[in-house]
file data.txt (compact mmCIF, C-alpha atoms and all ligand atoms)
# COMPACT_ATOMS: atom_id res chain seq x y z
CA MET J 1 -0.86 4.19 3.92
CA CYS J 2 2.27 6.06 2.90
CA LEU J 3 4.18 4.12 0.34
CA GLY J 4 7.73 4.73 -0.67
CA ARG J 5 11.07 3.30 -1.49
CA SER J 6 13.24 3.63 1.58
CA SER J 7 15.85 5.46 -0.48
CA SER J 8 13.36 8.15 -1.42
CA CYS J 9 11.85 8.74 2.03
CA ALA J 10 13.57 11.22 4.21
CA VAL J 11 13.11 13.50 7.18
CA GLY J 12 15.89 15.98 6.89
CA THR J 13 18.84 13.71 6.23
CA THR J 14 17.46 10.65 8.04
CA ALA J 15 16.21 7.84 5.79
CA ILE J 16 12.75 6.50 6.68
CA SER J 17 11.49 3.09 5.64
CA PHE J 18 7.72 3.36 5.21
CA GLU J 19 5.41 0.53 6.14
CA ALA J 20 3.27 -0.18 3.12
CA VAL J 21 -0.23 -0.86 4.43
CA LEU J 22 -3.32 -0.10 2.37
CA LEU J 23 -7.07 0.02 2.84
CA PHE J 24 -8.09 -3.62 3.34
CA ALA J 25 -5.14 -4.38 5.60
CA HIS J 26 -5.91 -1.42 7.84
CA ALA J 27 -9.63 -2.15 8.04
CA GLY J 28 -9.56 -5.96 8.12
CA ILE J 29 -6.64 -6.45 10.49
CA ALA J 30 -8.03 -3.84 12.92
CA LEU J 31 -11.33 -5.72 12.85
CA GLY J 32 -9.62 -9.06 13.43
CA ALA J 33 -7.51 -7.67 16.27
CA ALA J 34 -10.60 -6.19 17.93
CA ALA J 35 -12.41 -9.52 17.66
CA VAL J 36 -9.50 -11.39 19.24
CA MET J 37 -9.15 -8.83 22.04
CA ASN J 38 -12.87 -9.00 22.67
CA GLY J 39 -12.67 -12.78 22.84
CA LEU J 40 -9.71 -12.75 25.23
CA ILE J 41 -10.81 -10.02 27.65
CA GLY J 42 -14.36 -9.09 26.68
CA SER J 43 -15.96 -11.83 28.74
CA ARG J 44 -14.50 -10.28 31.87
CA LEU J 45 -16.20 -6.98 31.04
CA ASP J 46 -19.53 -8.44 30.08
CA THR J 47 -20.61 -11.69 31.65
CA ARG J 48 -23.61 -11.85 29.32
CA ARG J 49 -21.41 -12.51 26.30
CA HIS J 50 -21.93 -16.24 26.09
CA ASN J 51 -25.68 -15.97 26.47
CA GLN J 52 -25.87 -13.31 23.76
CA ALA J 53 -23.67 -15.25 21.37
CA GLU J 54 -25.61 -18.44 21.90
CA SER J 55 -28.89 -16.66 21.29
CA VAL J 56 -27.61 -15.57 17.88
CA LYS J 57 -26.21 -18.93 16.87
CA PRO J 58 -26.51 -21.88 19.24
CA HIS J 59 -23.78 -23.99 17.68
CA ALA J 60 -21.41 -20.97 17.60
CA ARG J 61 -20.12 -22.04 21.01
CA HIS J 62 -17.93 -24.47 19.12
CA ARG J 63 -16.54 -21.73 16.92
CA ALA J 64 -14.63 -19.49 19.28
CA VAL J 65 -13.36 -16.99 16.71
CA GLU J 66 -16.77 -16.58 15.11
CA GLU J 67 -18.28 -16.15 18.57
CA TRP J 68 -15.73 -13.45 19.32
CA MET J 69 -16.70 -11.53 16.19
CA VAL J 70 -20.43 -11.85 16.88
CA SER J 71 -19.88 -10.73 20.47
CA LEU J 72 -17.79 -7.78 19.28
CA GLY J 73 -20.54 -6.83 16.86
CA GLN J 74 -23.03 -6.83 19.72
CA ARG J 75 -21.04 -4.49 21.92
CA ALA J 76 -19.48 -2.14 19.35
CA ASP J 77 -20.34 -0.35 16.14
CA LEU J 78 -18.13 -2.20 13.67
CA SER J 79 -18.67 0.33 10.91
CA LEU J 80 -17.11 2.97 13.19
CA LEU J 81 -14.26 0.59 13.96
CA LEU J 82 -13.60 0.25 10.23
CA LEU J 83 -13.84 4.03 9.86
CA GLY J 84 -11.37 4.57 12.72
CA ALA J 85 -8.96 2.12 11.11
CA ILE J 86 -8.68 4.24 7.98
CA LEU J 87 -9.49 7.67 9.46
CA SER J 88 -5.85 8.82 9.63
CA ASP J 89 -5.37 8.25 5.91
CA LEU J 90 -8.80 9.60 5.00
CA THR J 91 -7.87 12.92 6.57
CA ASP J 92 -4.08 13.17 6.12
CA LYS J 93 -3.83 12.09 2.47
CA PRO J 94 -6.12 14.82 1.08
CA MET J 95 -4.52 17.35 3.44
CA GLY J 96 -1.07 16.26 2.26
CA ARG J 97 -2.10 16.62 -1.37
CA ILE J 98 -3.47 20.10 -0.69
CA PHE J 99 -0.75 21.52 1.53
CA TYR J 100 2.35 19.53 0.49
CA GLY J 101 1.43 18.52 -3.06
CA THR J 102 1.80 14.79 -2.35
CA PHE J 103 -0.10 11.78 -1.03
CA GLY J 104 3.21 10.48 0.34
CA CYS J 105 2.77 11.86 3.81
CA ARG J 106 1.64 11.31 7.35
CA LEU J 107 0.32 14.34 9.18
CA PHE J 108 -1.41 15.21 12.45
CA CYS J 109 -3.81 12.27 12.39
CA HIS J 110 -0.81 9.90 12.45
CA SER J 111 0.49 11.40 15.70
CA LEU J 112 0.14 10.21 19.27
CA LEU J 113 -1.36 13.58 20.10
CA PHE J 114 -4.31 12.91 17.78
CA LEU J 115 -4.78 9.44 19.26
CA LEU J 116 -4.62 10.87 22.78
CA LEU J 117 -7.26 13.49 21.99
CA VAL J 118 -9.62 10.85 20.59
CA VAL J 119 -9.02 8.55 23.57
CA VAL J 120 -9.62 11.31 26.14
CA ALA J 121 -12.79 12.46 24.34
CA GLY J 122 -13.88 8.83 24.09
CA LEU J 123 -13.36 8.23 27.81
CA LEU J 124 -15.28 11.38 28.70
CA LEU J 125 -18.15 10.31 26.46
CA TYR J 126 -18.12 6.81 27.89
CA TYR J 127 -18.14 7.83 31.54
CA ARG J 128 -20.63 10.69 31.14
CA ARG J 129 -23.03 9.26 28.55
CA HIS J 130 -22.15 5.54 28.57
CA ARG J 131 -21.49 5.65 24.82
CA ASN J 132 -18.49 3.74 23.51
CA TRP J 133 -18.52 4.76 19.84
CA LEU J 134 -15.63 7.23 20.16
CA LEU J 135 -13.51 4.67 22.00
CA VAL J 136 -14.24 2.26 19.15
CA ILE J 137 -12.89 4.84 16.70
CA ALA J 138 -9.88 5.37 18.98
CA PHE J 139 -9.08 1.66 18.80
CA GLY J 140 -9.19 1.86 15.02
CA VAL J 141 -6.82 4.83 15.06
CA LEU J 142 -4.45 2.98 17.40
CA MET J 143 -4.38 -0.01 15.05
CA HIS J 144 -3.73 2.30 12.12
CA LEU J 145 -0.65 3.78 13.80
CA VAL J 146 0.60 0.29 14.69
CA LEU J 147 0.09 -1.08 11.15
CA ASP J 148 1.78 1.99 9.67
CA GLY J 149 4.77 1.24 11.89
CA MET J 150 4.80 4.81 13.14
CA TRP J 151 7.63 4.07 15.55
CA ALA J 152 9.89 4.38 12.48
CA ASP J 153 8.68 7.94 11.95
CA THR J 154 9.16 9.49 15.37
CA LYS J 155 9.00 13.03 14.02
CA THR J 156 5.36 12.53 13.07
CA LEU J 157 4.50 10.15 15.91
CA PHE J 158 5.62 12.59 18.59
CA TRP J 159 4.52 15.71 16.71
CA PRO J 160 5.01 18.55 17.69
CA ALA J 161 7.64 17.58 20.27
CA LEU J 162 10.37 17.04 17.62
CA GLY J 163 9.43 19.96 15.36
CA LEU J 164 6.39 21.30 13.54
CA SER J 165 7.11 19.83 10.10
CA PHE J 166 5.88 16.43 8.88
CA THR J 167 7.45 13.62 6.90
CA THR J 168 6.61 13.89 3.22
CA VAL J 169 7.71 11.97 0.14
CA ARG J 170 7.11 13.24 -3.36
CA TYR J 171 6.03 10.82 -6.09
CA ASP J 172 5.92 11.54 -9.78
CA TYR J 173 3.51 8.63 -10.29
CA TRP J 174 1.83 7.91 -6.96
CA TYR J 175 -1.00 5.73 -8.23
CA GLU J 176 1.37 3.72 -10.41
CA GLU J 177 3.68 3.30 -7.42
CA VAL J 178 0.81 2.00 -5.27
CA LEU J 179 -0.32 -0.40 -7.99
CA HIS J 180 3.21 -1.64 -8.56
CA LYS J 181 3.72 -2.34 -4.85
CA LEU J 182 0.31 -3.98 -4.62
CA THR J 183 1.10 -6.43 -7.39
CA THR J 184 4.77 -7.14 -6.73
CA SER J 185 5.59 -6.64 -3.04
CA PRO J 186 4.60 -9.35 -0.53
CA ASP J 187 4.93 -6.74 2.21
CA VAL J 188 1.97 -4.99 0.61
CA TYR J 189 -0.24 -7.63 -0.95
CA LEU J 190 -0.06 -10.20 1.88
CA PRO J 191 -1.49 -7.83 4.55
CA GLU J 192 -4.04 -6.66 1.98
CA LEU J 193 -5.13 -10.23 1.33
CA ALA J 194 -5.31 -10.97 5.06
CA GLY J 195 -7.43 -7.88 5.68
CA LEU J 196 -9.67 -8.62 2.71
CA LEU J 197 -10.26 -12.17 3.94
CA ILE J 198 -11.33 -10.89 7.38
CA ILE J 199 -13.75 -8.40 5.82
CA VAL J 200 -15.18 -11.02 3.48
CA TRP J 201 -15.55 -13.34 6.46
CA LEU J 202 -17.47 -10.65 8.38
CA ALA J 203 -19.73 -10.16 5.36
CA TRP J 204 -20.35 -13.91 5.18
CA LEU J 205 -21.08 -13.96 8.92
CA LEU J 206 -23.66 -11.18 8.53
CA VAL J 207 -25.36 -13.01 5.69
CA ARG J 208 -25.47 -16.30 7.60
CA HIS J 209 -26.91 -14.66 10.71
CA GLY J 210 -29.32 -12.53 8.70
CA LYS J 211 -27.82 -9.40 10.24
CA VAL J 212 -26.88 -7.49 7.11
CA TRP J 213 -29.57 -4.86 7.61
CA ASP J 214 -28.71 -4.45 11.32
CA PHE J 215 -25.13 -3.84 10.30
CA VAL J 216 -26.06 -1.35 7.62
CA LYS J 217 -28.35 0.56 10.00
CA HIS J 218 -26.41 0.35 13.26
CA GLY J 219 -22.95 -1.02 12.44
CA ARG J 220 -23.74 -3.75 14.94
CA ILE J 221 -24.61 -7.43 14.94
CA LEU J 222 -27.65 -6.98 17.12
CA ASP J 223 -29.30 -9.70 19.07
ZN ZN J 301 -1.52 5.83 7.41

call {"tool": "encode", "arguments": {"input": "data.txt", "output": "structure tokens"}}
result
Amino acid sequence: MCLGRSSSCAVGTTAISFEAVLLFAHAGIALGAAAVMNGLIGSRLDTRRHNQAESVKPHARHRAVEEWMVSLGQRADLSLLLLGAILSDLTDKPMGRIFYGTFGCRLFCHSLLFLLLVVVAGLLLYYRRHRNWLLVIAFGVLMHLVLDGMWADTKTLFWPALGLSFTTVRYDYWYEEVLHKLTTSPDVYLPELAGLLIIVWLAWLLVRHGKVWDFVKHGRILD
């Protein structure tokens, strides 16, 4: 979620162009990507998918994308997916404000090392306890790093291999900068709109299927 003018972002003397992705884009696009992946490969992992989806909504067989989302909601805790999608910013932004005096930063939770730790812990939990919730969070973290375009900030991405310091950008008016980008930059407001649409669509899906309470309690679209 780091925002910045490319001219003001720097690691040492190297200019960094920050990807400007905010809350709804991170959460909604991660959710949409998970639904598509579930639709494309999920059926190979769980042959019961079609039966489950049809039991929730018989005519959903004609709505592939909706079916994918319902199926995803049956196999994964979507609230944890949404949490994973914004987890890196939820942790790094306050830490950046405390330790570096700025929200314009990406710290440990934007590194591959953090992602790797979550994935390994998630795999251990899955194979020992058959629980997938940590892998669901790991997918959200992965999508966060992708949407932040972390490949442009290799110092943070490969931390600590390229040094112990992190990329930081100081803003005199951080909130004003965010608001300005959100209202004037298509690179910011278009992904936000896309993410918001996906989240609104999920909400509409829950209402139509009468699964709002299941989602609130379990983060799932239960059968
Ligand atoms: Zn971020």

call {"tool": "closest_atom_pairs", "arguments": {"input": "data.txt", "of": "chain J", "to": "ligand ZN 301 (chain J)", "cutoff": "10 Å", "atoms": "only C-alpha atoms and all ligand atoms", "output": "JSON lines"}}
result
{"residue": "J:Met1", "atom": "CA", "partner": "J:ZN301", "partner_atom": "ZN", "distance": 3.9}
{"residue": "J:Cys2", "atom": "CA", "partner": "J:ZN301", "partner_atom": "ZN", "distance": 5.9}
{"residue": "J:Leu3", "atom": "CA", "partner": "J:ZN301", "partner_atom": "ZN", "distance": 9.2}
{"residue": "J:Phe18", "atom": "CA", "partner": "J:ZN301", "partner_atom": "ZN", "distance": 9.8}
{"residue": "J:Glu19", "atom": "CA", "partner": "J:ZN301", "partner_atom": "ZN", "distance": 8.8}
{"residue": "J:Ala20", "atom": "CA", "partner": "J:ZN301", "partner_atom": "ZN", "distance": 8.8}
{"residue": "J:Val21", "atom": "CA", "partner": "J:ZN301", "partner_atom": "ZN", "distance": 7.4}
{"residue": "J:Leu22", "atom": "CA", "partner": "J:ZN301", "partner_atom": "ZN", "distance": 8.0}
{"residue": "J:Leu23", "atom": "CA", "partner": "J:ZN301", "partner_atom": "ZN", "distance": 9.2}
{"residue": "J:His26", "atom": "CA", "partner": "J:ZN301", "partner_atom": "ZN", "distance": 8.5}
{"residue": "J:Ala85", "atom": "CA", "partner": "J:ZN301", "partner_atom": "ZN", "distance": 9.1}
{"residue": "J:Ile86", "atom": "CA", "partner": "J:ZN301", "partner_atom": "ZN", "distance": 7.4}
{"residue": "J:Leu87", "atom": "CA", "partner": "J:ZN301", "partner_atom": "ZN", "distance": 8.4}
{"residue": "J:Ser88", "atom": "CA", "partner": "J:ZN301", "partner_atom": "ZN", "distance": 5.7}
{"residue": "J:Asp89", "atom": "CA", "partner": "J:ZN301", "partner_atom": "ZN", "distance": 4.8}
{"residue": "J:Leu90", "atom": "CA", "partner": "J:ZN301", "partner_atom": "ZN", "distance": 8.5}
{"residue": "J:Thr91", "atom": "CA", "partner": "J:ZN301", "partner_atom": "ZN", "distance": 9.6}
{"residue": "J:Asp92", "atom": "CA", "partner": "J:ZN301", "partner_atom": "ZN", "distance": 7.9}
{"residue": "J:Lys93", "atom": "CA", "partner": "J:ZN301", "partner_atom": "ZN", "distance": 8.3}
{"residue": "J:Gly104", "atom": "CA", "partner": "J:ZN301", "partner_atom": "ZN", "distance": 9.7}
{"residue": "J:Cys105", "atom": "CA", "partner": "J:ZN301", "partner_atom": "ZN", "distance": 8.2}
{"residue": "J:Arg106", "atom": "CA", "partner": "J:ZN301", "partner_atom": "ZN", "distance": 6.3}
{"residue": "J:Leu107", "atom": "CA", "partner": "J:ZN301", "partner_atom": "ZN", "distance": 8.9}
{"residue": "J:Cys109", "atom": "CA", "partner": "J:ZN301", "partner_atom": "ZN", "distance": 8.5}
{"residue": "J:His110", "atom": "CA", "partner": "J:ZN301", "partner_atom": "ZN", "distance": 6.5}
{"residue": "J:Val141", "atom": "CA", "partner": "J:ZN301", "partner_atom": "ZN", "distance": 9.4}
{"residue": "J:His144", "atom": "CA", "partner": "J:ZN301", "partner_atom": "ZN", "distance": 6.3}
{"residue": "J:Leu145", "atom": "CA", "partner": "J:ZN301", "partner_atom": "ZN", "distance": 6.8}
{"residue": "J:Val146", "atom": "CA", "partner": "J:ZN301", "partner_atom": "ZN", "distance": 9.4}
{"residue": "J:Leu147", "atom": "CA", "partner": "J:ZN301", "partner_atom": "ZN", "distance": 8.0}
{"residue": "J:Asp148", "atom": "CA", "partner": "J:ZN301", "partner_atom": "ZN", "distance": 5.5}
{"residue": "J:Gly149", "atom": "CA", "partner": "J:ZN301", "partner_atom": "ZN", "distance": 9.0}
{"residue": "J:Met150", "atom": "CA", "partner": "J:ZN301", "partner_atom": "ZN", "distance": 8.6}

call {"tool": "closest_residue", "arguments": {"input": "data.txt", "among": "J:Ile137, J:Ala152, J:Leu82, J:Val118", "to": "Phe24 in chain J", "atoms": "only C-alpha atoms"}}
result
J:Leu82

call {"tool": "closest_residue", "arguments": {"input": "data.txt", "among": "J:Leu81, J:Tyr189, J:Leu40, J:Phe103", "to": "Arg170 in chain J", "atoms": "only C-alpha atoms"}}
result
J:Phe103

call {"tool": "atom_distance", "arguments": {"input": "data.txt", "atom1": "CA of Leu205 in chain J", "atom2": "CA of Met69 in chain J"}}
result
8.8 Å

call {"tool": "residues_around", "arguments": {"input": "data.txt", "residues": "Ala35 in chain J", "least_positions_apart": "6", "cutoff": "10 Å", "atoms": "only C-alpha atoms", "output": "MDAnalysis selection string"}}
result
chainID J and resid 29 42 65:73

call {"tool": "axis_aligned_box", "arguments": {"input": "data.txt", "around": "range 114-125 of chain J", "padding_each_side": "3 Å", "output": "lines of an AutoDock Vina configuration file"}}
result
center_x = -11.2
center_y = 10.9
center_z = 23.2
size_x = 19.8
size_y = 11.3
size_z = 16.9

call {"tool": "closest_residue", "arguments": {"input": "data.txt", "among": "J:Leu179, J:Leu190, J:Leu134, J:Val212", "to": "Asp77 in chain J", "atoms": "only C-alpha atoms"}}
result
J:Leu134

call {"tool": "atom_distance", "arguments": {"input": "data.txt", "atom1": "CA of Ala76 in chain J", "atom2": "CA of Val200 in chain J"}}
result
18.7 Å

call {"tool": "decode", "arguments": {"input": "data.txt", "residues": "range 168-186 of chain J", "atoms": "N, CA, C and O atoms", "output": "PDB file, in the first residue's frame"}}
result
ATOM      1  N   THR J 168      12.043   3.188   2.650  1.00  0.00           N
ATOM      2  CA  THR J 168      11.082   4.092   3.288  1.00  0.00           C
ATOM      3  C   THR J 168      10.989   5.385   2.493  1.00  0.00           C
ATOM      4  O   THR J 168      11.947   5.792   1.842  1.00  0.00           O
ATOM      5  N   VAL J 169       9.810   5.992   2.526  1.00  0.00           N
ATOM      6  CA  VAL J 169       9.580   7.275   1.867  1.00  0.00           C
ATOM      7  C   VAL J 169       8.874   8.176   2.859  1.00  0.00           C
ATOM      8  O   VAL J 169       7.865   7.785   3.441  1.00  0.00           O
ATOM      9  N   ARG J 170       9.394   9.350   3.052  1.00  0.00           N
ATOM     10  CA  ARG J 170       8.767  10.269   4.015  1.00  0.00           C
ATOM     11  C   ARG J 170       7.770  11.170   3.305  1.00  0.00           C
ATOM     12  O   ARG J 170       8.034  11.683   2.226  1.00  0.00           O
ATOM     13  N   TYR J 171       6.608  11.327   3.941  1.00  0.00           N
ATOM     14  CA  TYR J 171       5.562  12.210   3.408  1.00  0.00           C
ATOM     15  C   TYR J 171       5.241  13.272   4.442  1.00  0.00           C
ATOM     16  O   TYR J 171       5.092  12.961   5.623  1.00  0.00           O
ATOM     17  N   ASP J 172       5.117  14.487   3.980  1.00  0.00           N
ATOM     18  CA  ASP J 172       4.666  15.551   4.884  1.00  0.00           C
ATOM     19  C   ASP J 172       3.164  15.444   5.108  1.00  0.00           C
ATOM     20  O   ASP J 172       2.666  15.778   6.178  1.00  0.00           O
ATOM     21  N   TYR J 173       2.449  14.994   4.080  1.00  0.00           N
ATOM     22  CA  TYR J 173       0.980  14.911   4.165  1.00  0.00           C
ATOM     23  C   TYR J 173       0.550  13.575   3.580  1.00  0.00           C
ATOM     24  O   TYR J 173       0.066  13.507   2.456  1.00  0.00           O
ATOM     25  N   TRP J 174       0.736  12.496   4.355  1.00  0.00           N
ATOM     26  CA  TRP J 174       0.503  11.155   3.824  1.00  0.00           C
ATOM     27  C   TRP J 174      -0.962  10.935   3.459  1.00  0.00           C
ATOM     28  O   TRP J 174      -1.275  10.455   2.378  1.00  0.00           O
ATOM     29  N   TYR J 175      -1.865  11.290   4.362  1.00  0.00           N
ATOM     30  CA  TYR J 175      -3.288  11.064   4.095  1.00  0.00           C
ATOM     31  C   TYR J 175      -3.750  11.874   2.880  1.00  0.00           C
ATOM     32  O   TYR J 175      -4.516  11.389   2.043  1.00  0.00           O
ATOM     33  N   GLU J 176      -3.279  13.114   2.785  1.00  0.00           N
ATOM     34  CA  GLU J 176      -3.643  13.946   1.648  1.00  0.00           C
ATOM     35  C   GLU J 176      -3.098  13.346   0.348  1.00  0.00           C
ATOM     36  O   GLU J 176      -3.761  13.382  -0.690  1.00  0.00           O
ATOM     37  N   GLU J 177      -1.890  12.787   0.447  1.00  0.00           N
ATOM     38  CA  GLU J 177      -1.279  12.158  -0.732  1.00  0.00           C
ATOM     39  C   GLU J 177      -2.100  10.957  -1.194  1.00  0.00           C
ATOM     40  O   GLU J 177      -2.368  10.771  -2.383  1.00  0.00           O
ATOM     41  N   VAL J 178      -2.538  10.137  -0.230  1.00  0.00           N
ATOM     42  CA  VAL J 178      -3.362   8.969  -0.554  1.00  0.00           C
ATOM     43  C   VAL J 178      -4.672   9.406  -1.197  1.00  0.00           C
ATOM     44  O   VAL J 178      -5.089   8.873  -2.233  1.00  0.00           O
ATOM     45  N   LEU J 179      -5.315  10.394  -0.605  1.00  0.00           N
ATOM     46  CA  LEU J 179      -6.597  10.880  -1.113  1.00  0.00           C
ATOM     47  C   LEU J 179      -6.444  11.478  -2.505  1.00  0.00           C
ATOM     48  O   LEU J 179      -7.280  11.258  -3.385  1.00  0.00           O
ATOM     49  N   HIS J 180      -5.362  12.195  -2.700  1.00  0.00           N
ATOM     50  CA  HIS J 180      -5.113  12.799  -4.012  1.00  0.00           C
ATOM     51  C   HIS J 180      -4.948  11.725  -5.078  1.00  0.00           C
ATOM     52  O   HIS J 180      -5.546  11.800  -6.149  1.00  0.00           O
ATOM     53  N   LYS J 181      -4.127  10.705  -4.759  1.00  0.00           N
ATOM     54  CA  LYS J 181      -3.928   9.605  -5.716  1.00  0.00           C
ATOM     55  C   LYS J 181      -5.240   8.865  -5.984  1.00  0.00           C
ATOM     56  O   LYS J 181      -5.525   8.481  -7.112  1.00  0.00           O
ATOM     57  N   LEU J 182      -6.006   8.681  -4.929  1.00  0.00           N
ATOM     58  CA  LEU J 182      -7.254   7.927  -5.041  1.00  0.00           C
ATOM     59  C   LEU J 182      -8.277   8.631  -5.928  1.00  0.00           C
ATOM     60  O   LEU J 182      -9.126   7.990  -6.553  1.00  0.00           O
ATOM     61  N   THR J 183      -8.209   9.920  -5.990  1.00  0.00           N
ATOM     62  CA  THR J 183      -9.204  10.680  -6.757  1.00  0.00           C
ATOM     63  C   THR J 183      -8.697  11.140  -8.110  1.00  0.00           C
ATOM     64  O   THR J 183      -9.488  11.588  -8.939  1.00  0.00           O
ATOM     65  N   THR J 184      -7.402  11.031  -8.355  1.00  0.00           N
ATOM     66  CA  THR J 184      -6.871  11.563  -9.618  1.00  0.00           C
ATOM     67  C   THR J 184      -6.096  10.545 -10.450  1.00  0.00           C
ATOM     68  O   THR J 184      -5.971  10.727 -11.660  1.00  0.00           O
ATOM     69  N   SER J 185      -5.586   9.483  -9.831  1.00  0.00           N
ATOM     70  CA  SER J 185      -4.717   8.560 -10.569  1.00  0.00           C
ATOM     71  C   SER J 185      -5.453   7.274 -10.949  1.00  0.00           C
ATOM     72  O   SER J 185      -5.849   6.503 -10.064  1.00  0.00           O
ATOM     73  N   PRO J 186      -5.610   7.013 -12.250  1.00  0.00           N
ATOM     74  CA  PRO J 186      -6.258   5.760 -12.667  1.00  0.00           C
ATOM     75  C   PRO J 186      -5.526   4.527 -12.164  1.00  0.00           C
ATOM     76  O   PRO J 186      -6.144   3.492 -11.927  1.00  0.00           O
TER      77      PRO J 186
END
